[in-house]
Structure formats: C-alpha cells, structure tokens
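For reference, target.txt is printed below; it contains compact mmCIF, C-alpha atoms.
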```
# COMPACT_ATOMS: atom_id res chain seq x y z
CA MET V 29 19.29 -13.21 21.03
CA LYS V 30 15.65 -12.83 20.00
CA ASP V 31 14.65 -14.30 16.64
CA GLU V 32 13.52 -11.35 14.49
CA ARG V 33 11.17 -13.61 12.54
CA GLU V 34 9.19 -14.22 15.72
CA ILE V 35 7.22 -11.12 14.67
CA LEU V 36 5.45 -13.33 12.09
CA ARG V 37 3.84 -15.51 14.74
CA GLY V 38 0.12 -14.86 14.95
CA ILE V 39 -0.21 -12.94 11.68
CA LEU V 40 -3.56 -13.08 9.91
CA ASP V 41 -2.96 -12.19 6.25
CA ILE V 42 -6.39 -11.45 4.81
CA HIS V 43 -5.35 -10.82 1.18
CA VAL V 44 -3.52 -13.73 -0.46
CA HIS V 45 -3.88 -14.59 -4.15
CA ALA V 46 -3.35 -18.33 -3.76
CA GLY V 47 -4.43 -20.80 -6.41
CA PRO V 48 -6.14 -22.62 -7.89
CA SER V 49 -7.07 -19.77 -10.20
CA VAL V 50 -7.46 -19.02 -13.88
CA ALA V 51 -3.96 -17.50 -13.70
CA ASN V 52 -0.78 -19.21 -12.58
CA ARG V 53 -0.02 -18.43 -8.94
CA ALA V 54 3.20 -18.66 -6.95
CA VAL V 55 1.37 -20.73 -4.35
CA ASP V 56 -1.91 -22.56 -4.08
CA ALA V 57 -3.85 -22.71 -0.82
CA ALA V 58 -2.04 -25.87 0.30
CA ASP V 59 1.39 -24.37 -0.45
CA MET V 60 0.44 -21.22 1.43
CA LEU V 61 -0.71 -23.31 4.37
CA LYS V 62 2.70 -25.00 4.58
CA GLU V 63 4.43 -21.62 4.63
CA ALA V 64 1.97 -20.26 7.18
CA VAL V 65 2.54 -23.24 9.50
CA VAL V 66 6.33 -22.76 9.41
CA ALA V 67 5.99 -19.02 10.07
CA GLY V 68 3.52 -19.52 12.89
CA TYR V 69 0.68 -17.59 11.26
CA ARG V 70 -2.74 -17.52 12.86
CA GLY V 71 -4.30 -17.75 9.41
CA PHE V 72 -4.81 -16.29 5.96
CA LEU V 73 -7.62 -15.50 3.54
CA VAL V 74 -7.62 -16.54 -0.11
CA LYS V 75 -8.89 -14.02 -2.64
CA ASP V 76 -9.68 -14.85 -6.27
CA HIS V 77 -11.08 -12.40 -8.80
CA TYR V 78 -13.05 -14.85 -10.92
CA PHE V 79 -14.36 -17.61 -8.68
CA PRO V 80 -15.30 -17.97 -5.00
CA SER V 81 -12.44 -19.48 -3.02
CA CYS V 82 -14.76 -21.25 -0.56
CA MET V 83 -14.61 -24.80 -1.90
CA GLY V 84 -10.86 -25.07 -2.35
CA VAL V 85 -10.20 -23.47 1.02
CA LYS V 86 -12.59 -25.81 2.80
CA MET V 87 -10.94 -28.88 1.28
CA VAL V 88 -7.43 -27.73 2.21
CA GLN V 89 -8.50 -26.79 5.74
CA GLU V 90 -10.12 -30.17 6.38
CA HIS V 91 -7.72 -32.53 4.61
CA CYS V 92 -4.27 -30.96 5.14
CA ASP V 93 -2.31 -30.73 8.37
CA ALA V 94 -3.21 -27.16 9.27
CA ARG V 95 -1.70 -27.33 12.78
CA GLY V 96 -4.07 -24.68 14.04
CA VAL V 97 -3.73 -22.30 11.07
CA GLU V 98 -7.14 -21.06 9.92
CA ILE V 99 -7.84 -20.54 6.21
CA TYR V 100 -10.62 -18.18 5.19
CA SER V 101 -12.42 -17.67 1.89
CA SER V 102 -14.03 -14.84 -0.04
CA MET V 103 -15.80 -13.91 -3.27
CA ALA V 104 -15.48 -10.94 -5.63
CA LEU V 105 -18.59 -9.62 -7.38
CA ASN V 106 -17.32 -9.63 -10.94
CA ASN V 107 -18.98 -10.56 -14.23
CA SER V 108 -17.76 -14.15 -13.93
CA ILE V 109 -20.14 -14.84 -11.00
CA GLY V 110 -23.03 -12.70 -12.21
CA LEU V 111 -21.97 -9.34 -10.73
CA PHE V 112 -24.42 -8.19 -8.02
CA ASN V 113 -25.86 -11.66 -7.66
CA ALA V 114 -27.59 -12.09 -4.29
CA LEU V 115 -27.92 -15.86 -4.78
CA SER V 116 -24.18 -16.22 -5.32
CA VAL V 117 -23.47 -14.05 -2.29
CA ASP V 118 -25.85 -16.05 -0.13
CA ALA V 119 -24.28 -19.32 -1.29
CA ALA V 120 -20.73 -18.07 -0.69
CA ILE V 121 -21.61 -16.86 2.81
CA ASN V 122 -23.18 -20.24 3.60
CA MET V 123 -19.94 -21.86 2.40
CA GLY V 124 -17.99 -19.72 4.87
CA ALA V 125 -16.91 -16.67 2.85
CA LYS V 126 -15.68 -13.96 5.20
CA ILE V 127 -15.29 -11.09 2.70
CA ILE V 128 -17.45 -10.14 -0.26
CA TYR V 129 -15.69 -7.70 -2.58
CA PHE V 130 -17.40 -5.21 -4.81
CA PRO V 131 -16.17 -5.40 -8.45
CA THR V 132 -12.43 -5.81 -8.92
CA VAL V 133 -11.36 -7.01 -12.38
CA SER V 134 -14.74 -6.12 -13.90
CA SER V 135 -14.56 -2.58 -12.62
CA LYS V 136 -14.15 0.00 -15.39
CA ASN V 137 -11.46 1.62 -13.26
CA HIS V 138 -9.48 -1.63 -13.12
CA ILE V 139 -9.87 -2.22 -16.87
CA ASP V 140 -8.79 1.33 -17.67
CA HIS V 141 -5.66 1.00 -15.53
CA HIS V 142 -4.68 -2.30 -17.12
CA LYS V 143 -5.40 -1.06 -20.65
CA GLY V 144 -7.44 -4.14 -21.48
CA THR V 145 -4.81 -6.69 -20.40
CA PHE V 146 -4.50 -8.20 -16.94
CA VAL V 147 -2.04 -10.99 -16.22
CA GLY V 148 -4.31 -12.25 -13.44
CA ALA V 149 -6.92 -13.14 -16.08
CA GLY V 150 -4.80 -16.03 -17.36
CA LYS V 151 -6.24 -17.21 -20.69
CA MET V 152 -9.73 -15.80 -20.20
CA SER V 153 -10.99 -14.90 -23.68
CA VAL V 154 -14.48 -13.45 -23.23
CA PRO V 155 -14.19 -9.66 -22.97
CA GLU V 156 -15.23 -8.01 -19.73
CA THR V 157 -18.16 -5.61 -19.71
CA PRO V 158 -16.77 -2.65 -17.71
CA VAL V 159 -18.75 -2.02 -14.54
CA THR V 160 -19.55 1.21 -12.76
CA TYR V 161 -22.05 1.13 -9.94
CA VAL V 162 -22.30 4.82 -8.99
CA ASP V 163 -23.36 7.32 -11.66
CA GLU V 164 -22.10 10.88 -12.10
CA ASN V 165 -24.89 12.15 -9.85
CA GLY V 166 -23.90 9.83 -7.01
CA LYS V 167 -26.78 7.37 -7.47
CA MET V 168 -25.81 3.79 -6.70
CA ASP V 169 -26.99 0.78 -8.68
CA ASP V 170 -30.13 -0.70 -7.06
CA GLU V 171 -28.79 -4.28 -7.19
CA ALA V 172 -25.57 -3.14 -5.51
CA ILE V 173 -27.63 -1.62 -2.71
CA GLU V 174 -29.44 -4.93 -2.23
CA ILE V 175 -26.08 -6.66 -1.80
CA LEU V 176 -25.13 -4.17 0.90
CA LYS V 177 -28.38 -4.89 2.70
CA LEU V 178 -27.60 -8.61 2.57
CA LEU V 179 -24.08 -8.06 3.95
CA ALA V 180 -25.55 -5.99 6.78
CA GLU V 181 -28.09 -8.71 7.54
CA LYS V 182 -25.51 -11.51 7.49
CA ASP V 183 -22.83 -9.42 9.26
CA VAL V 184 -20.24 -10.17 6.58
CA VAL V 185 -17.26 -8.01 5.61
CA LEU V 186 -17.53 -5.67 2.61
CA GLY V 187 -14.33 -5.36 0.59
CA THR V 188 -14.55 -2.19 -1.51
CA GLY V 189 -12.79 -3.58 -4.61
CA HIS V 190 -11.23 -1.70 -7.49
CA GLY V 191 -13.68 1.11 -8.23
CA THR V 192 -12.74 4.77 -8.46
CA ALA V 193 -12.38 6.93 -5.36
CA TRP V 194 -15.76 8.45 -6.33
CA GLU V 195 -17.38 5.00 -6.25
CA ILE V 196 -15.60 3.91 -3.07
CA ASP V 197 -16.58 7.10 -1.27
CA HIS V 198 -20.26 6.54 -2.05
CA LEU V 199 -19.93 2.83 -1.29
CA VAL V 200 -18.47 3.36 2.20
CA GLU V 201 -21.09 6.00 2.99
CA LYS V 202 -24.00 3.86 1.75
CA ALA V 203 -22.71 0.71 3.44
CA THR V 204 -22.39 2.56 6.74
CA GLU V 205 -25.87 4.02 6.33
CA LEU V 206 -27.32 0.54 5.70
CA GLY V 207 -25.67 -0.97 8.76
CA VAL V 208 -22.70 -2.84 7.28
CA LYS V 209 -20.48 -3.16 10.34
CA HIS V 210 -17.26 -4.45 8.80
CA ILE V 211 -15.67 -2.62 5.84
CA LEU V 212 -12.23 -3.04 4.30
CA VAL V 213 -11.08 -0.36 1.86
CA ASN V 214 -8.82 -2.18 -0.58
CA HIS V 215 -5.48 -0.55 -1.52
CA PRO V 216 -6.79 3.05 -1.73
CA GLN V 217 -3.26 4.18 -2.59
CA PHE V 218 -3.07 1.94 -5.68
CA HIS V 219 -5.26 2.44 -8.78
CA ILE V 220 -8.16 3.74 -6.68
CA GLY V 221 -6.94 7.32 -6.72
CA ALA V 222 -8.05 8.11 -3.17
CA SER V 223 -6.70 11.18 -1.43
CA TYR V 224 -5.22 10.90 2.03
CA GLU V 225 -8.13 13.04 3.24
CA GLN V 226 -10.54 10.42 1.90
CA MET V 227 -8.63 7.66 3.68
CA THR V 228 -8.98 9.61 6.93
CA LYS V 229 -12.69 10.13 6.27
CA TRP V 230 -13.32 6.42 5.63
CA ALA V 231 -11.37 5.46 8.73
CA ASN V 232 -13.46 7.91 10.75
CA LEU V 233 -16.60 6.24 9.38
CA GLY V 234 -15.36 2.97 10.85
CA ALA V 235 -13.77 1.31 7.83
CA PHE V 236 -10.40 -0.39 7.97
CA ILE V 237 -7.85 0.89 5.44
CA GLU V 238 -5.62 -1.66 3.76
CA ILE V 239 -1.88 -1.20 3.31
CA ASN V 240 -0.58 -3.88 0.96
CA VAL V 241 2.92 -5.31 0.70
CA CYS V 242 2.55 -6.06 -3.01
CA VAL V 243 2.12 -2.52 -4.31
CA PHE V 244 5.33 -1.05 -2.84
CA THR V 245 8.77 -1.30 -4.44
CA CYS V 246 10.21 -2.25 -1.04
CA GLY V 247 7.59 -4.98 -0.66
CA SER V 248 7.52 -7.02 -3.85
CA LYS V 249 8.90 -7.37 -7.36
CA LEU V 250 5.63 -6.04 -8.78
CA GLY V 251 5.52 -2.99 -6.52
CA THR V 252 5.43 0.46 -8.11
CA LEU V 253 4.90 2.82 -5.15
CA GLY V 254 7.72 4.45 -3.22
CA ASP V 255 8.24 4.56 0.53
CA GLU V 256 6.92 8.11 0.74
CA VAL V 257 3.39 6.76 0.24
CA ILE V 258 3.82 4.58 3.31
CA GLY V 259 4.73 7.63 5.36
CA GLU V 260 1.72 9.60 4.15
CA MET V 261 -0.65 6.71 4.85
CA LEU V 262 0.71 6.36 8.37
CA LYS V 263 -0.06 10.05 8.91
CA ALA V 264 -3.57 9.84 7.42
CA VAL V 265 -4.82 6.61 8.96
CA PRO V 266 -4.77 5.79 12.69
CA LEU V 267 -3.13 2.43 13.33
CA ASP V 268 -6.30 1.15 14.96
CA ARG V 269 -8.01 1.56 11.55
CA MET V 270 -5.21 0.12 9.40
CA ILE V 271 -4.73 -3.48 8.22
CA LEU V 272 -1.47 -4.80 6.85
CA ASP V 273 -1.77 -7.66 4.36
CA SER V 274 0.38 -9.04 1.57
CA ASP V 275 -1.83 -8.99 -1.56
CA MET V 276 0.73 -11.48 -2.87
CA GLY V 277 0.70 -14.87 -4.56
CA GLN V 278 1.23 -13.67 -8.13
CA ASN V 279 3.40 -15.92 -10.28
CA GLY V 280 7.02 -14.82 -10.10
CA ASN V 281 6.43 -12.40 -7.22
CA GLY V 282 7.82 -14.62 -4.49
CA SER V 283 6.50 -15.91 -1.20
CA PRO V 284 3.67 -13.99 0.53
CA VAL V 285 5.27 -14.81 3.89
CA GLU V 286 8.69 -13.52 2.84
CA GLY V 287 7.09 -10.42 1.36
CA MET V 288 5.25 -9.79 4.61
CA TYR V 289 8.44 -10.17 6.66
CA ARG V 290 10.40 -7.88 4.34
CA PHE V 291 7.74 -5.16 4.53
CA ILE V 292 7.39 -5.44 8.30
CA ARG V 293 11.13 -4.81 8.61
CA VAL V 294 10.71 -1.63 6.53
CA LEU V 295 7.83 -0.46 8.73
CA MET V 296 9.88 -1.07 11.87
CA ASP V 297 13.35 0.00 10.72
CA LYS V 298 12.45 3.00 8.53
CA PHE V 299 9.13 4.21 9.95
CA GLY V 300 9.60 3.36 13.61
CA LEU V 301 6.66 1.02 14.13
CA SER V 302 6.97 -1.10 17.26
CA GLU V 303 6.22 -4.79 17.71
CA GLU V 304 2.96 -3.70 19.37
CA ASP V 305 2.09 -1.64 16.29
CA ILE V 306 2.72 -4.62 13.99
CA ASP V 307 0.65 -6.83 16.28
CA LEU V 308 -2.19 -4.32 15.95
CA ILE V 309 -2.24 -3.87 12.17
CA ALA V 310 -1.30 -7.44 11.12
CA LYS V 311 -2.90 -9.55 13.86
CA LYS V 312 -5.50 -7.82 16.03
CA ASN V 313 -7.19 -5.60 13.42
CA PRO V 314 -7.63 -8.36 10.82
CA ALA V 315 -9.14 -10.61 13.49
CA LEU V 316 -11.46 -7.80 14.56
CA LEU V 317 -12.53 -7.20 10.97
CA LEU V 318 -13.28 -10.89 10.34
CA ASN V 319 -14.85 -11.26 13.79
CA VAL V 320 -12.70 -14.30 14.61
```

Final structure tokens representation of the file:
Amino acid sequence: MKDEREILRGILDIHVHAGPSVANRAVDAADMLKEAVVAGYRGFLVKDHYFPSCMGVKMVQEHCDARGVEIYSSMALNNSIGLFNALSVDAAINMGAKIIYFPTVSSKNHIDHHKGTFVGAGKMSVPETPVTYVDENGKMDDEAIEILKLLAEKDVVLGTGHGTAWEIDHLVEKATELGVKHILVNHPQFHIGASYEQMTKWANLGAFIEINVCVFTCGSKLGTLGDEVIGEMLKAVPLDRMILDSDMGQNGNGSPVEGMYRFIRVLMDKFGLSEEDIDLIAKKNPALLLNV
C-alpha cells in the first residue's frame, strides 16, 4: 500500500515563519530543517517581518545536516529595516535573499486589520508609522518604484506584502511594466481584500497567486477562512499560476509540515486535486518562481 505522506517529498514551502524572530515561533530554522529532512522536502524559505532572514538561514544551511534540503531567505520592506531602502535590499540580495516583500507589518492595511496589536511583533514597543505607497490617484511612491527597478535588474522575486487590493493592483501592474519577472501575490484572500476577478487579472499578468495553509480553518488553529474560499480560488486562478505554501511557524499553531499535509489532504479529498496538481502548485511552481 502506498504511503500517503509520500506526497510531501519534494515540496518547496516558500512561506515559513521560522525563528529566530522578535516573536516566539513554533520552530526556528534548524527545527524546521529537521522536519523538512524527515518529510523529504526539497526546501523551504524563511520569512520574517522585522529582520532579514539571510544570516540565520545561511548559518543553518552550512552548519546543520541539511541532507540535500535547501533553505532560502527573504526580507520584508518594513519600518524596522528602513522601508524602501535600496541599500538594505542590495545587501539582502547579496546575502542570498530570494524574495523581497513590499510592506507587511508596517502597512496601514495590516495595522488596521490588527487594530494596533500584532502577536508577531513580540515585545516591540516603538509604534509603527503606517505605510501606504499608492495614493488615492494611483500614484506610487518614488522610492518604491526604485526598489522595483532594482528587483527587475537583479531578477529577484517581488512579494506583494500586506497592502490593500488597491495598492497590490497598482504594484503588480507597475512591477510588470518595469520588467520584474517573478511576482508572488501574498494571501490575496486574507486581509488584502482582493476580488477573485483581481486574482485572475494578476495571474494573467504573470504573477503567482499564493494559497496559504495558515489562513484556513481546515489548515491551522489560527485559520479563519472557510473551505468555500478554497473552491472560489481554484476557479479564479489557473493551477499553473498558483503556489501552495504553509505561512506557518506561529507559536502554538503546530508544525508547518503537518499543516501542509493536512491541507493537501483537503485539496485532494474534498476538491479533487490530483498528485500531479499538488506537484505543480507545491513543488514545480515554487521552484519556477525562485528560479531554482
């Protein structure tokens, strides 16, 4: 009898909130590596909202027994690193960062949704200055545009972050116009407020659309969205433009690997996705996005 967990072999989870971080995490990068080795993952990417993950990832990759598992890093353009800071972006890219995210926790949209408190901030005490980077007339911040030019030049992935659907729509259009080849729209179904029509539009522009384990009630303890959203996303976004990742690692939310397996079973058992479909959205598409 075939081992059902064999489906995990080769997964590339490009959204893991592994420590160290300012907040307590269920796993750090070394813990996640151990789980990934057991599951047979191809790799995973560590995302942190406040600090580039490059240094910690590099140390774990080089000094732990990775057994072929690749660990990737990233940086989010929040107030803690100087927002649209080209020097920080250049440094992170030279340290191996694969994804640069537009504002997440510093985004006004994120702050509004969390009503001023965010458990992922740990004991941070300096108040955030809420960030918007597209005005009501659709004009994008000049420094933000310079970052997009740098990402295009360096051929690095743009993660769209936690802005409003208005901001993300302008961001995807501008990034495409400026020649950014690799775009990941982060959880458009959660806090972003994107319509399914917008998801289709962004996919047609060449962006990958993220579907995250963490945000669904069937996926994690912190999930708030019902299964019907999964069905609508599967209608709106072609599988060759969709990326499945966990978005897990939060303290008390369980194992990112177990969350991924649980959600894959839902996709297969309730929504009829095949093993080939899972291979596409959890293995091939993430590798294509990261160009690995």

Note to self: I want to know what sits within 12 Å of V:Gly47, based on only C-alpha atoms, with residues of the same chain fewer than 3 positions away left out; could you give that as number ranges by chain?
What the structure shows: V: 44, 50-61, 73-85, 88, 101, 148, 150, 276-279

Next item on the list: Take atom CA of V:Lys177 and atom CA of V:Ala125 and report the distance between them in Å, one decimal.
Entry: 16.4 Å

Kindly provide, as AutoDock Vina command-line options, the centre and edge lengths (Å, one decimal) of an axis-aligned box around all atoms of stretch 267-270 of chain V given in the file, with 4 Å on each side.
```
--center_x -5.6 --center_y 1.3 --center_z 12.2 --size_x 12.9 --size_y 10.3 --size_z 13.6
```

Item checked: Nearest-residue call for V:Asp140, choices V:Val184, V:Ile220, V:Gly207, V:Asp170, using only C-alpha atoms -> V:Ile220

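Among the candidate residues V:Met261, V:Lys298, V:Ile139, V:Leu178, the one lying nearest to V:Ser116 is V:Leu178, with distances computed using all atoms listed in the file.
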
Notebook entry, point to check: Residues at most 12 Å from V:Ile109, counting all atoms listed in the file, excluding those fewer than 2 positions away in the same chain, as a list in words?
Noted result: Asp76, His77, Tyr78, Phe79, Pro80, Met103, Ala104, Leu105, Asn106, Asn107, Leu111, Phe112, Asn113, Ala114, Leu115, Ser116, Val117, Ala119, Ala120, Tyr129, Phe130, Pro131, Val133 and Ser134 of chain V
